Amino acid sequence: MEITAIETHVLKSDVDSTSIPSIGAVEVGSVLVEVHTDEDVTGYGESFHRQRVEDNIVLAHEIESLEQYLVGTDPREISERWSELYVHVKRSGAYKALSAIDEALWDIAGKRAGLPVYELLGGYHGDLSAYATFPIQKEADELVEDAHWLAEKGFESLKITAGLGVERDRERIETIASNLPDGFRLAIDANTSYDFTDALRLANAVEEHDLVWFEEPIAHTDTEGYAEFRRQAPTPLAGFQTHTPHYSAVEMLQAGALDIYQPSLDNVGGITAAHRVAVLAEAFNKRIVPHAFGPAVNYTASLHLAAASPACSLIEFCVLSDDIDDPGEFIASPFVANQDELSVADGGEISPPDRPGLGIELDRDVLEEYRIEH
């Protein structure tokens, strides 16, 4: 079996831009990659930049530039392909391109074997539920209403963005956390926007509200800072979605830097690198909660990884619109024909499609409607 060609599709977003304080407008357009083989088995993978469509055009060209190292090779030798591409990617920084290709290779392997990817990773390991990320900027009292909406669907926790300043964040957190439904909990994500002192001030100021976690409070490169923050802060510490690839997890685990590791499959190096993070984290008795903000192919890959990891029982689910009846409905990728299989069931449960490979079905007509020429 040999790879014959790589094809990319730059896809526009189907939802209005959301907003994160430290980043600005965020969209969910993507680059879909198809890896073709001489046995008519095609694998799908996906990655994306979150700001401008021009960034995704650059990503598509990065993916295409790696084609020369793949054509004529066996896609089933996933570890070998990953290592060969890493030699080039570690110099160029094209980890998103590597991630999309790696997901497609796992998709091929599963289709060729007639098994879902999670079975190739070791099989289903316990139930998986979803927490709601809500990057829609609203006042605190409106977010309280949304929390009740999410709880009615079956979600048990909500993550909101932080980074507006210690006092403003404190007021928002206190208003929301004090008015949540019974048993419903709150997590916050500062997207690396605070320095150590202010992050610790905020964590201590909201200690009584028992946050699920404080995500990326400080710069992701500050391993010693995270370890010290974890020693002093009353709230579990989450992060790693900004890291590429999996090697830095060793240093962070040895330093005791995080309670919860959140590899982002679209960025860390695909399923291969995220799985290695999961194995390392499990050995240190830490939790894995994949960072899974975004469109359907990458999200599905994240679900397969999560389902197979003994260190994981929770995954992110991004609620990208409040103008829908069901917050558990997956709406980010209309070009995927079986989006209903990616939605959150009552009770907050979620699972990957029980189909060979990643289990994604593309609607080619809709895909063409969303393509952007590059």
# chains A, B, ... in the order shown; residues from 1 in each chain; ligands from 1

$ select_by_dssp --residues "segment 15-97 of chain A" --states "strand (DSSP E)" --output "PyMOL selection string"
chain A and resi 18-20+24-26+30-37+43-47

$ write_last_selection --atoms "C-alpha atoms" --output "PDB file, in the first residue's frame"
ATOM      1  CA  THR A  18     -16.544  34.091  18.804  1.00  0.00           C
ATOM      2  CA  SER A  19     -14.137  36.032  20.978  1.00  0.00           C
ATOM      3  CA  ILE A  20     -11.428  35.305  23.537  1.00  0.00           C
ATOM      4  CA  GLY A  24      -9.665  38.441  19.826  1.00  0.00           C
ATOM      5  CA  ALA A  25     -12.034  37.089  17.178  1.00  0.00           C
ATOM      6  CA  VAL A  26     -11.960  33.313  16.783  1.00  0.00           C
ATOM      7  CA  SER A  30     -10.151  24.685   8.782  1.00  0.00           C
ATOM      8  CA  VAL A  31      -7.887  22.888   6.358  1.00  0.00           C
ATOM      9  CA  LEU A  32      -9.079  19.397   5.509  1.00  0.00           C
ATOM     10  CA  VAL A  33      -6.432  17.057   4.127  1.00  0.00           C
ATOM     11  CA  GLU A  34      -7.062  13.927   2.098  1.00  0.00           C
ATOM     12  CA  VAL A  35      -4.264  11.378   1.835  1.00  0.00           C
ATOM     13  CA  HIS A  36      -4.864   9.165  -1.226  1.00  0.00           C
ATOM     14  CA  THR A  37      -3.460   5.668  -1.726  1.00  0.00           C
ATOM     15  CA  GLY A  43      -7.686   9.170   4.911  1.00  0.00           C
ATOM     16  CA  TYR A  44      -9.028  12.438   6.315  1.00  0.00           C
ATOM     17  CA  GLY A  45      -7.245  14.774   8.698  1.00  0.00           C
ATOM     18  CA  GLU A  46      -7.735  18.373   9.757  1.00  0.00           C
ATOM     19  CA  SER A  47      -6.093  21.332  11.405  1.00  0.00           C
TER      20      SER A  47
END

$ closest_atom_pairs --of "segment 232-265 of chain A" --to "segment 314-326 of chain A" --cutoff "12 Å" --atoms "only C-alpha atoms" --output "tab-separated table"
residue	atom	partner	partner_atom	distance
A:Gln241	CA	A:Glu316	CA	11.8
A:Ile260	CA	A:Leu314	CA	10.8
A:Tyr261	CA	A:Ile315	CA	11.3
A:Gln262	CA	A:Ile315	CA	9.1
A:Pro263	CA	A:Ile315	CA	10.9
A:Ser264	CA	A:Glu316	CA	10.5

$ atom_distance --atom1 "atom CA of Trp106 of chain A" --atom2 "atom CA of Val10 of chain A"
20.9 Å

$ closest_residue --among "A:Asn267, A:Thr175, A:Thr244, A:Thr73" --to "Leu59 of chain A" --atoms "only C-alpha atoms"
A:Asn267

$ residues_around --residues "Glu54 of chain A" --least-positions-apart "2" --cutoff "12 Å" --atoms "only C-alpha atoms" --output "ChimeraX atom specification"
/A:10-12,29-31,48-52,56-61,372-374

$ closest_residue --among "A:Leu120, A:Ala255, A:Ala227, A:Ile271" --to "Val297 of chain A" --atoms "only C-alpha atoms"
A:Ile271

$ select_by_dssp --residues "segment 80-285 of chain A" --states "alpha helix (DSSP H)" --output "ChimeraX atom specification"
/A:80-92,95-113,117-120,140-153,166-177,196-205,223-232,248-255,265-268,270-283

$ residues_around --residues "Asp74 of chain A" --least-positions-apart "3" --cutoff "10 Å" --atoms "only C-alpha atoms" --output "JSON, numbers by chain"
{"A": [1, 2, 3, 4, 37, 70, 71, 77, 78, 80, 81, 105]}

$ write_last_selection --atoms "N, CA and C atoms" --output "PDB file, in the first residue's frame"
ATOM      1  N   MET A   1       0.850  -1.192   0.000  1.00  0.00           N
ATOM      2  CA  MET A   1       0.000   0.000   0.000  1.00  0.00           C
ATOM      3  C   MET A   1       0.885   1.241   0.000  1.00  0.00           C
ATOM      4  N   GLU A   2       0.614   2.178  -0.896  1.00  0.00           N
ATOM      5  CA  GLU A   2       1.443   3.376  -1.006  1.00  0.00           C
ATOM      6  C   GLU A   2       0.587   4.642  -1.084  1.00  0.00           C
ATOM      7  N   ILE A   3       1.140   5.711  -0.551  1.00  0.00           N
ATOM      8  CA  ILE A   3       0.519   7.028  -0.706  1.00  0.00           C
ATOM      9  C   ILE A   3       0.797   7.530  -2.115  1.00  0.00           C
ATOM     10  N   THR A   4      -0.261   8.013  -2.766  1.00  0.00           N
ATOM     11  CA  THR A   4      -0.116   8.503  -4.142  1.00  0.00           C
ATOM     12  C   THR A   4      -0.212  10.017  -4.237  1.00  0.00           C
ATOM     13  N   THR A  37      -4.332   6.832  -1.601  1.00  0.00           N
ATOM     14  CA  THR A  37      -3.460   5.668  -1.726  1.00  0.00           C
ATOM     15  C   THR A  37      -3.761   4.903  -3.010  1.00  0.00           C
ATOM     16  N   LEU A  70       6.054  11.917   1.422  1.00  0.00           N
ATOM     17  CA  LEU A  70       5.060  10.889   1.686  1.00  0.00           C
ATOM     18  C   LEU A  70       4.732  10.012   0.484  1.00  0.00           C
ATOM     19  N   VAL A  71       4.733  10.601  -0.696  1.00  0.00           N
ATOM     20  CA  VAL A  71       4.355   9.836  -1.887  1.00  0.00           C
ATOM     21  C   VAL A  71       5.308   8.651  -2.071  1.00  0.00           C
ATOM     22  N   GLU A  77       2.553   2.596   8.172  1.00  0.00           N
ATOM     23  CA  GLU A  77       3.727   2.736   9.046  1.00  0.00           C
ATOM     24  C   GLU A  77       3.684   4.123   9.689  1.00  0.00           C
ATOM     25  N   ILE A  78       2.716   4.327  10.559  1.00  0.00           N
ATOM     26  CA  ILE A  78       2.412   5.667  11.049  1.00  0.00           C
ATOM     27  C   ILE A  78       3.568   6.256  11.866  1.00  0.00           C
ATOM     28  N   GLU A  80       6.730   5.580  11.702  1.00  0.00           N
ATOM     29  CA  GLU A  80       7.842   5.901  10.813  1.00  0.00           C
ATOM     30  C   GLU A  80       7.567   7.176  10.024  1.00  0.00           C
ATOM     31  N   ARG A  81       6.333   7.298   9.527  1.00  0.00           N
ATOM     32  CA  ARG A  81       5.984   8.506   8.772  1.00  0.00           C
ATOM     33  C   ARG A  81       6.078   9.743   9.686  1.00  0.00           C
ATOM     34  N   LEU A 105      -3.466   9.491   8.364  1.00  0.00           N
ATOM     35  CA  LEU A 105      -2.819   8.181   8.335  1.00  0.00           C
ATOM     36  C   LEU A 105      -3.503   7.207   9.284  1.00  0.00           C
TER      37      LEU A 105
END

$ residues_around --residues "segment 215-223 of chain A" --least-positions-apart "4" --cutoff "7 Å" --atoms "only C-alpha atoms" --output "PyMOL selection string"
chain A and resi 188-196+199+227+237-239+242+252+257

$ write_last_selection --atoms "N, CA, C and O atoms" --output "PDB file, in the first residue's frame"
ATOM      1  N   ILE A 188     -12.212  27.949  34.329  1.00  0.00           N
ATOM      2  CA  ILE A 188     -11.822  29.182  33.642  1.00  0.00           C
ATOM      3  C   ILE A 188     -10.548  28.956  32.839  1.00  0.00           C
ATOM      4  O   ILE A 188      -9.713  28.120  33.174  1.00  0.00           O
ATOM      5  N   ASP A 189     -10.417  29.724  31.760  1.00  0.00           N
ATOM      6  CA  ASP A 189      -9.282  29.620  30.847  1.00  0.00           C
ATOM      7  C   ASP A 189      -8.773  31.021  30.545  1.00  0.00           C
ATOM      8  O   ASP A 189      -9.471  31.831  29.934  1.00  0.00           O
ATOM      9  N   ALA A 190      -7.544  31.315  30.975  1.00  0.00           N
ATOM     10  CA  ALA A 190      -6.967  32.648  30.766  1.00  0.00           C
ATOM     11  C   ALA A 190      -6.127  32.743  29.503  1.00  0.00           C
ATOM     12  O   ALA A 190      -5.619  33.813  29.178  1.00  0.00           O
ATOM     13  N   ASN A 191      -5.933  31.626  28.799  1.00  0.00           N
ATOM     14  CA  ASN A 191      -5.181  31.648  27.536  1.00  0.00           C
ATOM     15  C   ASN A 191      -3.839  32.361  27.670  1.00  0.00           C
ATOM     16  O   ASN A 191      -3.460  33.182  26.847  1.00  0.00           O
ATOM     17  N   THR A 192      -3.120  32.059  28.755  1.00  0.00           N
ATOM     18  CA  THR A 192      -1.757  32.543  29.036  1.00  0.00           C
ATOM     19  C   THR A 192      -1.672  34.060  29.194  1.00  0.00           C
ATOM     20  O   THR A 192      -0.616  34.649  28.974  1.00  0.00           O
ATOM     21  N   SER A 193      -2.768  34.709  29.582  1.00  0.00           N
ATOM     22  CA  SER A 193      -2.802  36.174  29.568  1.00  0.00           C
ATOM     23  C   SER A 193      -2.315  36.834  30.854  1.00  0.00           C
ATOM     24  O   SER A 193      -2.082  38.050  30.881  1.00  0.00           O
ATOM     25  N   TYR A 194      -2.139  36.071  31.944  1.00  0.00           N
ATOM     26  CA  TYR A 194      -1.734  36.654  33.214  1.00  0.00           C
ATOM     27  C   TYR A 194      -0.249  36.417  33.499  1.00  0.00           C
ATOM     28  O   TYR A 194       0.343  35.450  33.006  1.00  0.00           O
ATOM     29  N   ASP A 195       0.337  37.301  34.319  1.00  0.00           N
ATOM     30  CA  ASP A 195       1.638  36.978  34.892  1.00  0.00           C
ATOM     31  C   ASP A 195       1.392  36.165  36.160  1.00  0.00           C
ATOM     32  O   ASP A 195       0.248  35.987  36.609  1.00  0.00           O
ATOM     33  N   PHE A 196       2.457  35.654  36.735  1.00  0.00           N
ATOM     34  CA  PHE A 196       2.320  34.737  37.878  1.00  0.00           C
ATOM     35  C   PHE A 196       1.570  35.375  39.042  1.00  0.00           C
ATOM     36  O   PHE A 196       0.659  34.770  39.618  1.00  0.00           O
ATOM     37  N   ALA A 199      -2.193  35.960  38.340  1.00  0.00           N
ATOM     38  CA  ALA A 199      -2.888  34.674  38.227  1.00  0.00           C
ATOM     39  C   ALA A 199      -3.120  34.066  39.604  1.00  0.00           C
ATOM     40  O   ALA A 199      -4.205  33.541  39.899  1.00  0.00           O
ATOM     41  N   ALA A 227       4.829  24.903  37.918  1.00  0.00           N
ATOM     42  CA  ALA A 227       5.048  24.022  39.064  1.00  0.00           C
ATOM     43  C   ALA A 227       4.878  24.778  40.378  1.00  0.00           C
ATOM     44  O   ALA A 227       4.256  24.269  41.334  1.00  0.00           O
ATOM     45  N   LEU A 237      -4.707  22.778  38.106  1.00  0.00           N
ATOM     46  CA  LEU A 237      -4.081  23.527  37.027  1.00  0.00           C
ATOM     47  C   LEU A 237      -4.091  22.702  35.746  1.00  0.00           C
ATOM     48  O   LEU A 237      -3.720  21.524  35.739  1.00  0.00           O
ATOM     49  N   ALA A 238      -4.550  23.330  34.648  1.00  0.00           N
ATOM     50  CA  ALA A 238      -4.667  22.645  33.360  1.00  0.00           C
ATOM     51  C   ALA A 238      -3.879  23.392  32.289  1.00  0.00           C
ATOM     52  O   ALA A 238      -3.676  24.599  32.369  1.00  0.00           O
ATOM     53  N   GLY A 239      -3.466  22.644  31.274  1.00  0.00           N
ATOM     54  CA  GLY A 239      -2.748  23.266  30.161  1.00  0.00           C
ATOM     55  C   GLY A 239      -2.195  22.225  29.214  1.00  0.00           C
ATOM     56  O   GLY A 239      -2.590  21.074  29.228  1.00  0.00           O
ATOM     57  N   THR A 242      -1.043  24.368  24.013  1.00  0.00           N
ATOM     58  CA  THR A 242      -0.174  25.200  23.184  1.00  0.00           C
ATOM     59  C   THR A 242       1.143  24.511  22.877  1.00  0.00           C
ATOM     60  O   THR A 242       1.926  25.003  22.065  1.00  0.00           O
ATOM     61  N   MET A 252       7.460  18.642  31.964  1.00  0.00           N
ATOM     62  CA  MET A 252       6.368  19.181  32.775  1.00  0.00           C
ATOM     63  C   MET A 252       5.892  18.173  33.810  1.00  0.00           C
ATOM     64  O   MET A 252       5.595  18.528  34.955  1.00  0.00           O
ATOM     65  N   ALA A 257       4.141  20.131  36.966  1.00  0.00           N
ATOM     66  CA  ALA A 257       3.656  21.429  36.508  1.00  0.00           C
ATOM     67  C   ALA A 257       2.146  21.506  36.341  1.00  0.00           C
ATOM     68  O   ALA A 257       1.585  22.604  36.427  1.00  0.00           O
TER      69      ALA A 257
END

$ atom_distance --atom1 "atom CA of Ser343 of chain A" --atom2 "atom CA of Phe330 of chain A"
5.1 Å

$ residues_around --residues "Leu180 of chain A" --least-positions-apart "5" --cutoff "10 Å" --atoms "only C-alpha atoms" --output "PyMOL selection string"
chain A and resi 143-148+151+157-158+175+185-186

$ closest_residue --among "A:Gly348, A:Gly294, A:Gly269, A:Pro353" --to "Ala307 of chain A" --atoms "only C-alpha atoms"
A:Pro353

$ closest_residue --among "A:Ile350, A:Ala274, A:Leu367, A:Ile108" --to "Phe155 of chain A" --atoms "only C-alpha atoms"
A:Ile350

$ atom_distance --atom1 "atom CA of Asp127 of chain A" --atom2 "atom CA of Asp102 of chain A"
25.5 Å

$ residues_around --residues "Ile331 of chain A" --least-positions-apart "6" --cutoff "8 Å" --atoms "only C-alpha atoms" --output "PyMOL selection string"
chain A and resi 14-15+320+339
